[in-house]
file entry-v6.pdb (PDB, C-alpha atoms)
MODEL        1
ATOM      1  CA  MET C  25     -47.741   8.711  73.279
ATOM      2  CA  GLY C  26     -48.001  10.290  76.720
ATOM      3  CA  ILE C  27     -45.298  11.980  78.756
ATOM      4  CA  SER C  28     -43.345   9.366  80.658
ATOM      5  CA  GLN C  29     -43.126   9.604  84.426
ATOM      6  CA  PRO C  30     -39.724  10.469  85.947
ATOM      7  CA  THR C  31     -37.738   7.394  86.761
ATOM      8  CA  LYS C  32     -35.670   6.765  89.879
ATOM      9  CA  THR C  33     -32.625   7.914  87.933
ATOM     10  CA  LYS C  34     -34.385  11.157  87.109
ATOM     11  CA  HIS C  35     -35.357  11.520  90.749
ATOM     12  CA  ASN C  36     -31.723  11.315  91.821
ATOM     13  CA  ARG C  37     -30.755  13.747  89.095
ATOM     14  CA  PHE C  38     -33.469  16.144  90.275
ATOM     15  CA  ILE C  39     -31.959  16.227  93.768
ATOM     16  CA  GLN C  40     -28.428  16.507  92.446
ATOM     17  CA  ASP C  41     -29.292  19.382  90.103
ATOM     18  CA  ASN C  42     -31.142  21.444  92.721
ATOM     19  CA  GLN C  43     -29.446  20.631  96.019
ATOM     20  CA  LYS C  44     -27.110  23.622  95.661
ATOM     21  CA  MET C  45     -30.058  26.017  95.342
ATOM     22  CA  TRP C  46     -31.808  24.514  98.365
ATOM     23  CA  THR C  47     -28.658  24.867 100.425
ATOM     24  CA  ARG C  48     -28.352  28.474  99.281
ATOM     25  CA  LEU C  49     -31.910  29.215 100.383
ATOM     26  CA  GLU C  50     -31.125  27.735 103.803
ATOM     27  CA  TYR C  51     -28.172  30.117 104.088
ATOM     28  CA  LEU C  52     -30.266  33.136 103.060
ATOM     29  CA  ILE C  53     -32.937  32.200 105.608
ATOM     30  CA  ALA C  54     -30.380  31.834 108.392
ATOM     31  CA  ASN C  55     -28.802  35.229 107.580
ATOM     32  CA  PHE C  56     -31.962  37.077 106.573
ATOM     33  CA  SER C  57     -31.495  39.971 109.028
ATOM     34  CA  SER C  58     -28.082  40.864 107.591
ATOM     35  CA  LEU C  59     -28.752  40.484 103.862
ATOM     36  CA  ASP C  60     -27.851  43.399 101.623
ATOM     37  CA  HIS C  61     -30.012  44.684  98.765
ATOM     38  CA  ASP C  62     -28.673  42.250  96.155
ATOM     39  CA  GLU C  63     -29.000  39.292  98.515
ATOM     40  CA  LEU C  64     -32.614  40.224  99.320
ATOM     41  CA  ASN C  65     -33.382  40.155  95.599
ATOM     42  CA  GLU C  66     -31.630  36.795  95.370
ATOM     43  CA  PHE C  67     -33.708  35.573  98.322
ATOM     44  CA  GLY C  68     -36.964  36.324  96.501
ATOM     45  CA  HIS C  69     -35.774  34.690  93.290
ATOM     46  CA  THR C  70     -34.450  31.593  95.066
ATOM     47  CA  TYR C  71     -37.673  31.248  97.084
ATOM     48  CA  ARG C  72     -39.747  31.198  93.886
ATOM     49  CA  GLN C  73     -37.444  28.623  92.290
ATOM     50  CA  VAL C  74     -37.558  26.292  95.290
ATOM     51  CA  SER C  75     -41.362  26.699  95.432
ATOM     52  CA  SER C  76     -41.521  25.387  91.878
ATOM     53  CA  HIS C  77     -39.268  22.491  92.887
ATOM     54  CA  LEU C  78     -41.687  21.669  95.711
ATOM     55  CA  ALA C  79     -44.642  21.684  93.332
ATOM     56  CA  PHE C  80     -42.789  19.364  90.958
ATOM     57  CA  ALA C  81     -41.777  17.004  93.756
ATOM     58  CA  GLN C  82     -45.319  16.864  95.148
ATOM     59  CA  THR C  83     -46.573  15.899  91.703
ATOM     60  CA  TYR C  84     -44.043  13.190  90.829
ATOM     61  CA  TYR C  85     -42.459  12.124  94.141
ATOM     62  CA  LYS C  86     -45.400  12.208  96.564
ATOM     63  CA  ASP C  87     -44.043   9.694  99.024
ATOM     64  CA  HIS C  88     -40.423  10.804  99.065
ATOM     65  CA  GLU C  89     -38.963  12.348 102.238
ATOM     66  CA  MET C  90     -37.629  15.328 100.334
ATOM     67  CA  ASN C  91     -41.206  16.627 100.045
ATOM     68  CA  HIS C  92     -41.257  17.312 103.780
ATOM     69  CA  TYR C  93     -37.824  18.966 103.614
ATOM     70  CA  LEU C  94     -38.790  21.242 100.706
ATOM     71  CA  ASN C  95     -42.151  22.048 102.258
ATOM     72  CA  GLN C  96     -40.529  23.205 105.516
ATOM     73  CA  LEU C  97     -37.909  25.172 103.588
ATOM     74  CA  VAL C  98     -40.526  27.004 101.524
ATOM     75  CA  ILE C  99     -42.674  27.745 104.606
ATOM     76  CA  ARG C 100     -39.704  29.266 106.461
ATOM     77  CA  ALA C 101     -38.806  31.406 103.453
ATOM     78  CA  HIS C 102     -42.431  32.464 102.939
ATOM     79  CA  ASN C 103     -42.809  33.546 106.572
ATOM     80  CA  LEU C 104     -39.732  35.741 106.295
ATOM     81  CA  LEU C 105     -40.574  37.182 102.897
ATOM     82  CA  TYR C 106     -44.193  37.945 103.723
ATOM     83  CA  SER C 107     -43.858  38.767 107.409
ATOM     84  CA  PRO C 108     -45.896  41.723 108.772
ATOM     85  CA  THR C 109     -44.870  45.094 107.356
ATOM     86  CA  LYS C 110     -43.834  46.472 110.748
ATOM     87  CA  LYS C 111     -41.429  43.599 111.300
ATOM     88  CA  ARG C 112     -39.995  43.973 107.801
ATOM     89  CA  TYR C 113     -39.570  47.712 108.337
ATOM     90  CA  SER C 114     -37.735  47.154 111.612
ATOM     91  CA  ARG C 115     -35.569  44.528 109.961
ATOM     92  CA  LYS C 116     -34.731  46.904 107.123
ATOM     93  CA  LEU C 117     -33.746  49.623 109.588
ATOM     94  CA  TYR C 118     -31.562  47.192 111.463
ATOM     95  CA  GLN C 119     -30.040  45.913 108.229
ATOM     96  CA  PHE C 120     -29.330  49.452 107.003
ATOM     97  CA  PHE C 121     -27.744  50.896 110.146
ATOM     98  CA  PHE C 122     -25.771  47.819 111.175
ATOM     99  CA  HIS C 123     -24.773  46.449 107.792
ATOM    100  CA  ARG C 124     -25.578  48.653 104.802
ATOM    101  CA  PHE C 125     -24.301  51.947 106.256
ATOM    102  CA  PRO C 126     -20.867  50.601 107.287
ATOM    103  CA  GLU C 127     -20.618  49.084 103.794
ATOM    104  CA  LEU C 128     -21.300  52.492 102.235
ATOM    105  CA  VAL C 129     -18.620  54.117 104.383
ATOM    106  CA  TYR C 130     -16.241  51.350 103.341
ATOM    107  CA  ARG C 131     -16.976  51.912  99.654
ATOM    108  CA  ARG C 132     -16.316  55.650 100.072
ATOM    109  CA  SER C 133     -13.365  55.258 102.443
ATOM    110  CA  SER C 134     -10.961  57.060 100.088
ATOM    111  CA  PHE C 135     -13.192  60.155 100.171
ATOM    112  CA  PHE C 136     -13.456  59.806 103.957
ATOM    113  CA  LEU C 137      -9.665  60.012 104.186
ATOM    114  CA  VAL C 138      -9.609  63.080 101.939
ATOM    115  CA  ALA C 139     -12.219  64.766 104.170
ATOM    116  CA  LEU C 140     -10.170  63.892 107.251
ATOM    117  CA  ALA C 141      -6.988  65.268 105.640
ATOM    118  CA  LEU C 142      -8.661  68.561 104.694
ATOM    119  CA  PHE C 143      -9.982  69.034 108.221
ATOM    120  CA  LEU C 144      -6.654  68.161 109.864
ATOM    121  CA  PHE C 145      -4.747  70.456 107.521
ATOM    122  CA  GLY C 146      -7.001  73.355 108.497
ATOM    123  CA  THR C 147      -6.682  72.451 112.181
ATOM    124  CA  LEU C 148      -2.887  72.319 112.167
ATOM    125  CA  LEU C 149      -2.552  75.459 110.071
ATOM    126  CA  ALA C 150      -4.831  77.535 112.307
ATOM    127  CA  PHE C 151      -3.254  76.140 115.465
ATOM    128  CA  THR C 152       0.181  77.226 114.249
ATOM    129  CA  LEU C 153      -0.908  80.666 113.047
ATOM    130  CA  THR C 154      -2.821  81.372 116.268
ATOM    131  CA  TYR C 155       0.127  80.196 118.328
ATOM    132  CA  ILE C 156       2.344  82.674 116.466
ATOM    133  CA  ASP C 157      -0.164  85.516 116.713
ATOM    134  CA  LYS C 158      -3.343  85.408 118.816
ATOM    135  CA  ASN C 159      -4.917  88.047 116.604
ATOM    136  CA  PHE C 160      -5.370  85.389 113.936
ATOM    137  CA  ALA C 161      -8.153  83.938 116.120
ATOM    138  CA  THR C 162     -10.229  87.088 115.549
ATOM    139  CA  LEU C 163     -11.188  85.546 112.210
ATOM    140  CA  PHE C 164     -13.320  83.082 114.153
ATOM    141  CA  PHE C 165     -14.016  84.542 117.615
ATOM    142  CA  PRO C 166     -14.866  87.964 119.093
ATOM    143  CA  GLU C 167     -11.778  90.032 119.861
ATOM    144  CA  SER C 168     -13.015  90.686 123.406
ATOM    145  CA  MET C 169     -13.117  86.968 124.115
ATOM    146  CA  ILE C 170      -9.564  86.490 122.901
ATOM    147  CA  HIS C 171      -7.946  89.405 124.706
ATOM    148  CA  GLU C 172     -10.070  89.491 127.861
ATOM    149  CA  GLY C 173     -10.864  85.813 128.405
ATOM    150  CA  ASN C 174      -8.415  83.831 130.538
ATOM    151  CA  PHE C 175      -9.318  80.408 129.045
ATOM    152  CA  ASP C 176      -8.926  78.954 132.501
ATOM    153  CA  GLU C 177     -11.611  76.461 133.535
ATOM    154  CA  THR C 178     -11.738  78.100 136.991
ATOM    155  CA  LYS C 179     -12.985  81.334 135.449
ATOM    156  CA  GLU C 180     -16.729  81.692 135.262
ATOM    157  CA  GLN C 181     -16.675  83.696 132.026
ATOM    158  CA  TRP C 182     -15.607  80.608 130.081
ATOM    159  CA  ASN C 183     -18.107  77.792 130.224
ATOM    160  CA  TYR C 184     -16.912  74.535 128.655
ATOM    161  CA  ALA C 185     -20.442  73.190 128.344
ATOM    162  CA  ILE C 186     -21.474  76.238 126.318
ATOM    163  CA  VAL C 187     -18.399  75.993 124.125
ATOM    164  CA  SER C 188     -18.941  72.270 123.402
ATOM    165  CA  SER C 189     -22.656  72.871 122.759
ATOM    166  CA  GLU C 190     -21.855  75.577 120.239
ATOM    167  CA  ILE C 191     -19.333  73.308 118.557
ATOM    168  CA  MET C 192     -21.881  70.467 118.329
ATOM    169  CA  THR C 193     -24.501  72.745 116.773
ATOM    170  CA  ASN C 194     -21.906  74.084 114.387
ATOM    171  CA  ASN C 195     -20.769  70.567 113.470
ATOM    172  CA  ILE C 196     -24.298  69.422 112.616
ATOM    173  CA  ILE C 197     -24.670  72.397 110.298
ATOM    174  CA  VAL C 198     -21.231  71.735 108.871
ATOM    175  CA  ALA C 199     -22.108  68.082 108.188
ATOM    176  CA  PHE C 200     -25.112  68.994 106.070
ATOM    177  CA  MET C 201     -23.252  71.832 104.353
ATOM    178  CA  CYS C 202     -20.432  69.410 103.526
ATOM    179  CA  PHE C 203     -22.981  67.104 101.918
ATOM    180  CA  ALA C 204     -24.840  69.870 100.079
ATOM    181  CA  GLY C 205     -21.551  71.385  98.921
ATOM    182  CA  GLY C 206     -21.019  68.369  96.717
ATOM    183  CA  VAL C 207     -23.430  69.776  94.116
ATOM    184  CA  LEU C 208     -20.811  72.421  93.280
ATOM    185  CA  PHE C 209     -18.298  69.774  92.236
ATOM    186  CA  GLY C 210     -17.212  69.335  95.872
ATOM    187  CA  SER C 211     -15.728  72.833  96.116
ATOM    188  CA  LEU C 212     -17.921  73.961  99.018
ATOM    189  CA  THR C 213     -17.398  70.641 100.759
ATOM    190  CA  THR C 214     -13.649  71.214 100.619
ATOM    191  CA  TRP C 215     -14.063  74.771 101.907
ATOM    192  CA  TYR C 216     -16.289  73.830 104.867
ATOM    193  CA  LEU C 217     -14.032  70.986 105.959
ATOM    194  CA  PHE C 218     -10.938  73.164 105.785
ATOM    195  CA  MET C 219     -12.458  76.230 107.477
ATOM    196  CA  ASN C 220     -14.031  74.282 110.331
ATOM    197  CA  GLY C 221     -10.756  72.529 110.900
ATOM    198  CA  MET C 222      -9.228  75.992 111.206
ATOM    199  CA  LEU C 223     -11.909  77.041 113.717
ATOM    200  CA  LEU C 224     -11.148  74.078 115.966
ATOM    201  CA  GLY C 225      -7.399  74.512 115.556
ATOM    202  CA  SER C 226      -7.504  78.195 116.469
ATOM    203  CA  LEU C 227      -9.634  77.529 119.559
ATOM    204  CA  ALA C 228      -7.366  74.674 120.652
ATOM    205  CA  SER C 229      -4.331  76.928 120.255
ATOM    206  CA  LEU C 230      -5.835  79.550 122.573
ATOM    207  CA  TYR C 231      -6.383  76.903 125.240
ATOM    208  CA  HIS C 232      -2.912  75.509 124.693
ATOM    209  CA  GLN C 233      -1.336  78.914 125.249
ATOM    210  CA  ALA C 234      -3.376  79.279 128.444
ATOM    211  CA  ASP C 235      -2.087  75.897 129.691
ATOM    212  CA  SER C 236      -5.653  74.551 129.620
ATOM    213  CA  ALA C 237      -5.357  72.155 126.671
ATOM    214  CA  TYR C 238      -5.761  69.054 128.846
ATOM    215  CA  GLN C 239      -9.025  70.344 130.296
ATOM    216  CA  PHE C 240     -10.288  71.599 126.934
ATOM    217  CA  TRP C 241      -9.878  68.288 125.108
ATOM    218  CA  ALA C 242     -11.366  66.418 128.072
ATOM    219  CA  TYR C 243     -14.625  68.261 127.392
ATOM    220  CA  ILE C 244     -14.404  67.911 123.607
ATOM    221  CA  TRP C 245     -13.325  64.334 122.885
ATOM    222  CA  PRO C 246     -16.122  62.284 124.560
ATOM    223  CA  HIS C 247     -18.700  63.547 122.080
ATOM    224  CA  GLY C 248     -16.235  64.904 119.513
ATOM    225  CA  VAL C 249     -15.153  61.433 118.409
ATOM    226  CA  LEU C 250     -18.659  60.758 117.098
ATOM    227  CA  GLU C 251     -19.337  64.279 115.834
ATOM    228  CA  LEU C 252     -16.127  64.580 113.861
ATOM    229  CA  THR C 253     -16.533  61.099 112.387
ATOM    230  CA  ALA C 254     -20.047  62.070 111.277
ATOM    231  CA  ILE C 255     -18.661  65.241 109.670
ATOM    232  CA  PHE C 256     -16.004  63.300 107.786
ATOM    233  CA  ILE C 257     -18.627  60.836 106.523
ATOM    234  CA  ALA C 258     -20.789  63.751 105.385
ATOM    235  CA  GLY C 259     -17.715  65.240 103.755
ATOM    236  CA  ALA C 260     -17.049  61.927 101.997
ATOM    237  CA  ALA C 261     -20.636  61.950 100.705
ATOM    238  CA  GLY C 262     -20.220  65.470  99.322
ATOM    239  CA  LEU C 263     -16.788  64.808  97.812
ATOM    240  CA  SER C 264     -17.908  61.566  96.146
ATOM    241  CA  LEU C 265     -20.914  63.366  94.648
ATOM    242  CA  GLY C 266     -18.685  66.161  93.369
ATOM    243  CA  TYR C 267     -16.252  63.634  91.937
ATOM    244  CA  LYS C 268     -18.999  61.847  89.994
ATOM    245  CA  MET C 269     -20.064  65.188  88.546
ATOM    246  CA  LEU C 270     -16.544  65.627  87.194
ATOM    247  CA  VAL C 271     -15.788  61.980  86.384
ATOM    248  CA  PRO C 272     -19.044  60.113  85.608
ATOM    249  CA  GLY C 273     -17.198  57.028  84.367
ATOM    250  CA  GLU C 274     -19.064  54.668  82.048
ATOM    251  CA  LEU C 275     -22.460  56.165  82.937
ATOM    252  CA  THR C 276     -23.884  59.364  81.539
ATOM    253  CA  ARG C 277     -23.286  62.352  83.789
ATOM    254  CA  LYS C 278     -26.978  62.511  84.669
ATOM    255  CA  HIS C 279     -27.226  58.863  85.695
ATOM    256  CA  ALA C 280     -23.906  58.975  87.546
ATOM    257  CA  ILE C 281     -25.110  61.961  89.596
ATOM    258  CA  ILE C 282     -28.460  60.302  90.359
ATOM    259  CA  GLN C 283     -26.800  57.058  91.391
ATOM    260  CA  GLU C 284     -24.197  58.762  93.574
ATOM    261  CA  GLY C 285     -26.813  61.140  94.983
ATOM    262  CA  ILE C 286     -28.834  58.203  96.318
ATOM    263  CA  ILE C 287     -25.734  56.758  97.970
ATOM    264  CA  SER C 288     -24.821  60.148  99.460
ATOM    265  CA  ILE C 289     -28.295  60.618 100.925
ATOM    266  CA  LYS C 290     -28.099  57.168 102.526
ATOM    267  CA  MET C 291     -24.738  58.102 104.044
ATOM    268  CA  MET C 292     -26.275  61.255 105.510
ATOM    269  CA  LEU C 293     -29.125  59.243 107.002
ATOM    270  CA  GLY C 294     -26.546  56.953 108.563
ATOM    271  CA  VAL C 295     -24.809  59.755 110.482
ATOM    272  CA  ILE C 296     -28.004  60.842 112.263
ATOM    273  CA  PRO C 297     -27.626  58.263 115.088
ATOM    274  CA  LEU C 298     -24.000  59.375 115.537
ATOM    275  CA  PHE C 299     -25.127  62.939 116.215
ATOM    276  CA  ILE C 300     -27.901  61.743 118.520
ATOM    277  CA  VAL C 301     -25.551  59.635 120.634
ATOM    278  CA  ALA C 302     -23.005  62.467 120.660
ATOM    279  CA  ALA C 303     -25.689  64.861 121.929
ATOM    280  CA  LEU C 304     -26.649  62.437 124.700
ATOM    281  CA  ILE C 305     -23.015  62.111 125.751
ATOM    282  CA  GLU C 306     -22.588  65.862 125.732
ATOM    283  CA  GLY C 307     -25.797  66.538 127.602
ATOM    284  CA  PHE C 308     -25.566  63.878 130.311
ATOM    285  CA  PHE C 309     -21.929  62.846 130.628
ATOM    286  CA  THR C 310     -19.698  65.792 129.700
ATOM    287  CA  PRO C 311     -21.039  68.174 132.433
ATOM    288  CA  LEU C 312     -20.493  65.617 135.214
ATOM    289  CA  PRO C 313     -17.857  66.686 137.787
ATOM    290  CA  LEU C 314     -15.610  63.723 137.018
ATOM    291  CA  PRO C 315     -11.809  63.584 136.755
ATOM    292  CA  HIS C 316     -10.579  64.610 133.329
ATOM    293  CA  TRP C 317      -8.903  61.246 132.794
ATOM    294  CA  SER C 318     -12.307  59.551 133.003
ATOM    295  CA  LYS C 319     -13.545  61.654 130.090
ATOM    296  CA  TYR C 320     -10.526  60.721 128.022
ATOM    297  CA  PHE C 321     -11.225  57.094 128.878
ATOM    298  CA  ALA C 322     -14.870  57.510 127.810
ATOM    299  CA  ALA C 323     -13.674  58.995 124.517
ATOM    300  CA  LEU C 324     -11.388  55.999 124.033
ATOM    301  CA  ILE C 325     -14.236  53.555 124.646
ATOM    302  CA  THR C 326     -16.431  55.491 122.223
ATOM    303  CA  GLY C 327     -13.676  55.376 119.625
ATOM    304  CA  VAL C 328     -13.198  51.624 120.000
ATOM    305  CA  ILE C 329     -16.935  50.979 119.609
ATOM    306  CA  LEU C 330     -17.001  53.238 116.562
ATOM    307  CA  VAL C 331     -14.074  51.399 114.971
ATOM    308  CA  ILE C 332     -15.784  48.048 115.552
ATOM    309  CA  TYR C 333     -19.075  49.395 114.154
ATOM    310  CA  LEU C 334     -17.698  51.028 111.012
ATOM    311  CA  GLY C 335     -14.650  48.826 110.635
ATOM    312  CA  ARG C 336     -16.336  45.473 110.103
ATOM    313  CA  PRO C 337     -16.261  45.744 106.276
ATOM    314  CA  PHE C 338     -12.546  46.586 106.487
ATOM    315  CA  PHE C 339     -11.946  43.512 108.631
ATOM    316  CA  LYS C 340     -13.985  41.426 106.192
ATOM    317  CA  TYR C 341     -12.717  42.712 102.850
ATOM    318  CA  GLY C 342      -9.402  44.357 103.744
ATOM    319  CA  VAL C 343      -8.285  47.936 103.178
ATOM    320  CA  LYS C 344      -9.963  49.403 100.137
ATOM    321  CA  ARG C 345      -7.648  50.851  97.552
ATOM    322  CA  ALA C 346      -8.275  54.491  96.680
TER     323      ALA C 346
ENDMDL
END

call {"tool": "encode", "arguments": {"input": "entry-v6.pdb", "output": "structure tokens"}}
result
Amino acid sequence: MGISQPTKTKHNRFIQDNQKMWTRLEYLIANFSSLDHDELNEFGHTYRQVSSHLAFAQTYYKDHEMNHYLNQLVIRAHNLLYSPTKKRYSRKLYQFFFHRFPELVYRRSSFFLVALALFLFGTLLAFTLTYIDKNFATLFFPESMIHEGNFDETKEQWNYAIVSSEIMTNNIIVAFMCFAGGVLFGSLTTWYLFMNGMLLGSLASLYHQADSAYQFWAYIWPHGVLELTAIFIAGAAGLSLGYKMLVPGELTRKHAIIQEGIISIKMMLGVIPLFIVAALIEGFFTPLPLPHWSKYFAALITGVILVIYLGRPFFKYGVKRA
């Protein structure tokens, strides 16, 4: 007794049973450029399943219109899945920087807030102590600069461009030290965030006492919005790594550290464009002889773009609980 051919009832059941998967593949094709890692794996699995459906349909339902539909669906999926390597690489870069990286920041948002709090605490503390006694600033700056410098932008001995350049270089170093400090249970990360907050706070206090705060921040904020955000993300990467070393959860300590280490490295890769754009702003926009209000406005625009870029997961999923 041979195997009976599928009847019309079986044909309808075949469509009914698999229509959901075909619709899902259509969705994955349409959103291929923004798929995350899990969805890319799902894409490959779904493509193989629908390919088998096509083979079955071509065998038993040769003249049915669904053959053409499934054939086109499989071809579209195949072209995306096996596109040239260069195109796939570019797509992966786009997917990482515009989708995956903001998702990582979202998932570590509680550590980002801790990094921000540590930095702000150091800033406010140093600002207050320097305001009370200028000699406190000697912990961070040469005594001659503090007692002889006028901190007036009309004085040639104080060059805002040089100051901002030094701060940018320092912040890049700080970002990587904040990340690397996570291997010591986050202790060095905490220290670097706090101490560099104190450095900025002490410097800001000196300008404030010289009635030059408005000018000072006009030269700092346009690129500082990006630089400081990058530092806080690096700090979040280091703190999350340190936390997993202390609290591995359900995983073994070794596997928890490896898993979190991969995430932290990806977060550090994500901040590179932030530093690059900040450097371009500092090199080509900050030195321009423009009104100070225009630089504050530029900083505001930069901040809005940054919020839209990193805030999309928050808008999509809501505020993540710590």

call {"tool": "atom_distance", "arguments": {"input": "entry-v6.pdb", "atom1": "atom CA of Pro313 of chain C", "atom2": "atom CA of Tyr231 of chain C"}}
result
19.8 Å

call {"tool": "resolve_selection", "arguments": {"input": "entry-v6.pdb", "expression": "the PyMOL selection byres ((chain C and resi 259) around 7)", "output": "PyMOL selection string"}}
result
chain C and resi 136+139+199+202-203+213+255-258+260-263

call {"tool": "closest_residue", "arguments": {"input": "entry-v6.pdb", "among": "C:Tyr93, C:Trp317, C:Phe56, C:Phe200", "to": "Phe299 of chain C", "atoms": "only C-alpha atoms"}}
result
C:Phe200

call {"tool": "residues_around", "arguments": {"input": "entry-v6.pdb", "residues": "Phe122 of chain C", "least_positions_apart": "3", "cutoff": "9 Å", "atoms": "all atoms listed in the file", "output": "list in words"}}
result
Ser58, Leu117, Tyr118, Gln119, Phe125, Pro126, Tyr333 and Leu334 of chain C

call {"tool": "atom_distance", "arguments": {"input": "entry-v6.pdb", "atom1": "atom CA of Gly285 of chain C", "atom2": "atom CA of Phe209 of chain C"}}
result
12.4 Å

call {"tool": "residues_around", "arguments": {"input": "entry-v6.pdb", "residues": "Ala322 of chain C", "least_positions_apart": "6", "cutoff": "10 Å", "atoms": "all atoms listed in the file", "output": "VMD selection string"}}
result
chain C and resid 242 245 to 247 305 309 to 310 316 328

call {"tool": "resolve_selection", "arguments": {"input": "entry-v6.pdb", "expression": "the PyMOL selection byres ((chain C and resi 64) around 12)", "output": "ChimeraX atom specification"}}
result
/C:49,52-53,55-63,65-71,101,104-105,112,115-116,119

call {"tool": "resolve_selection", "arguments": {"input": "entry-v6.pdb", "expression": "the PyMOL selection byres ((chain C and resi 226) around 10)", "output": "PyMOL selection string"}}
result
chain C and resi 146-155+158+160-165+220-225+227-232

call {"tool": "closest_residue", "arguments": {"input": "entry-v6.pdb", "among": "C:Gly273, C:Phe120, C:Phe135, C:Leu250", "to": "Val301 of chain C", "atoms": "all atoms listed in the file"}}
result
C:Leu250

call {"tool": "residues_around", "arguments": {"input": "entry-v6.pdb", "residues": "Leu97 of chain C", "least_positions_apart": "2", "cutoff": "10 Å", "atoms": "only C-alpha atoms", "output": "list in words"}}
result
Trp46, Thr47, Leu49, Glu50, Ile53, Tyr71, Val74, Ser75, Leu78, Asn91, His92, Tyr93, Leu94, Asn95, Ile99, Arg100, Ala101 and His102 of chain C

call {"tool": "atom_distance", "arguments": {"input": "entry-v6.pdb", "atom1": "atom CA of Val198 of chain C", "atom2": "atom CA of Trp215 of chain C"}}
result
10.4 Å

call {"tool": "decode", "arguments": {"input": "entry-v6.pdb", "residues": "segment 281-325 of chain C", "atoms": "C-alpha atoms", "output": "mmCIF file, in the first residue's frame"}}
result
data_model
loop_
_atom_site.group_PDB
_atom_site.id
_atom_site.type_symbol
_atom_site.label_atom_id
_atom_site.label_comp_id
_atom_site.auth_asym_id
_atom_site.auth_seq_id
_atom_site.Cartn_x
_atom_site.Cartn_y
_atom_site.Cartn_z
ATOM 1 C CA ILE C 281 32.605 37.321 34.029
ATOM 2 C CA ILE C 282 33.101 36.082 30.455
ATOM 3 C CA GLN C 283 29.527 36.900 29.505
ATOM 4 C CA GLU C 284 29.606 40.357 31.081
ATOM 5 C CA GLY C 285 33.090 41.003 29.692
ATOM 6 C CA ILE C 286 31.814 40.527 26.137
ATOM 7 C CA ILE C 287 28.972 42.964 26.780
ATOM 8 C CA SER C 288 31.358 45.495 28.345
ATOM 9 C CA ILE C 289 33.727 45.334 25.378
ATOM 10 C CA LYS C 290 30.813 45.942 23.004
ATOM 11 C CA MET C 291 29.804 48.971 25.073
ATOM 12 C CA MET C 292 33.342 50.336 24.800
ATOM 13 C CA LEU C 293 33.299 49.859 21.036
ATOM 14 C CA GLY C 294 30.037 51.777 20.939
ATOM 15 C CA VAL C 295 31.497 54.895 22.579
ATOM 16 C CA ILE C 296 34.240 55.284 19.954
ATOM 17 C CA PRO C 297 32.004 57.244 17.519
ATOM 18 C CA LEU C 298 30.951 59.513 20.404
ATOM 19 C CA PHE C 299 34.572 60.484 21.023
ATOM 20 C CA ILE C 300 35.203 60.942 17.304
ATOM 21 C CA VAL C 301 32.241 63.281 16.856
ATOM 22 C CA ALA C 302 33.200 65.135 20.041
ATOM 23 C CA ALA C 303 36.728 65.634 18.682
ATOM 24 C CA LEU C 304 35.356 66.994 15.404
ATOM 25 C CA ILE C 305 33.127 69.428 17.279
ATOM 26 C CA GLU C 306 36.017 70.533 19.443
ATOM 27 C CA GLY C 307 38.429 70.890 16.561
ATOM 28 C CA PHE C 308 36.201 72.664 14.040
ATOM 29 C CA PHE C 309 33.351 74.292 15.942
ATOM 30 C CA THR C 310 34.536 75.214 19.444
ATOM 31 C CA PRO C 311 37.378 77.566 18.287
ATOM 32 C CA LEU C 312 35.065 79.567 16.004
ATOM 33 C CA PRO C 313 34.614 83.217 17.092
ATOM 34 C CA LEU C 314 30.874 82.814 17.608
ATOM 35 C CA PRO C 315 28.652 84.236 20.360
ATOM 36 C CA HIS C 316 28.682 82.086 23.470
ATOM 37 C CA TRP C 317 24.932 81.531 23.266
ATOM 38 C CA SER C 318 25.405 79.782 19.916
ATOM 39 C CA LYS C 319 27.714 77.247 21.554
ATOM 40 C CA TYR C 320 25.183 76.572 24.275
ATOM 41 C CA PHE C 321 22.584 76.097 21.557
ATOM 42 C CA ALA C 322 24.893 73.666 19.726
ATOM 43 C CA ALA C 323 25.330 71.729 22.972
ATOM 44 C CA LEU C 324 21.553 71.580 23.354
ATOM 45 C CA ILE C 325 21.112 70.238 19.823
#
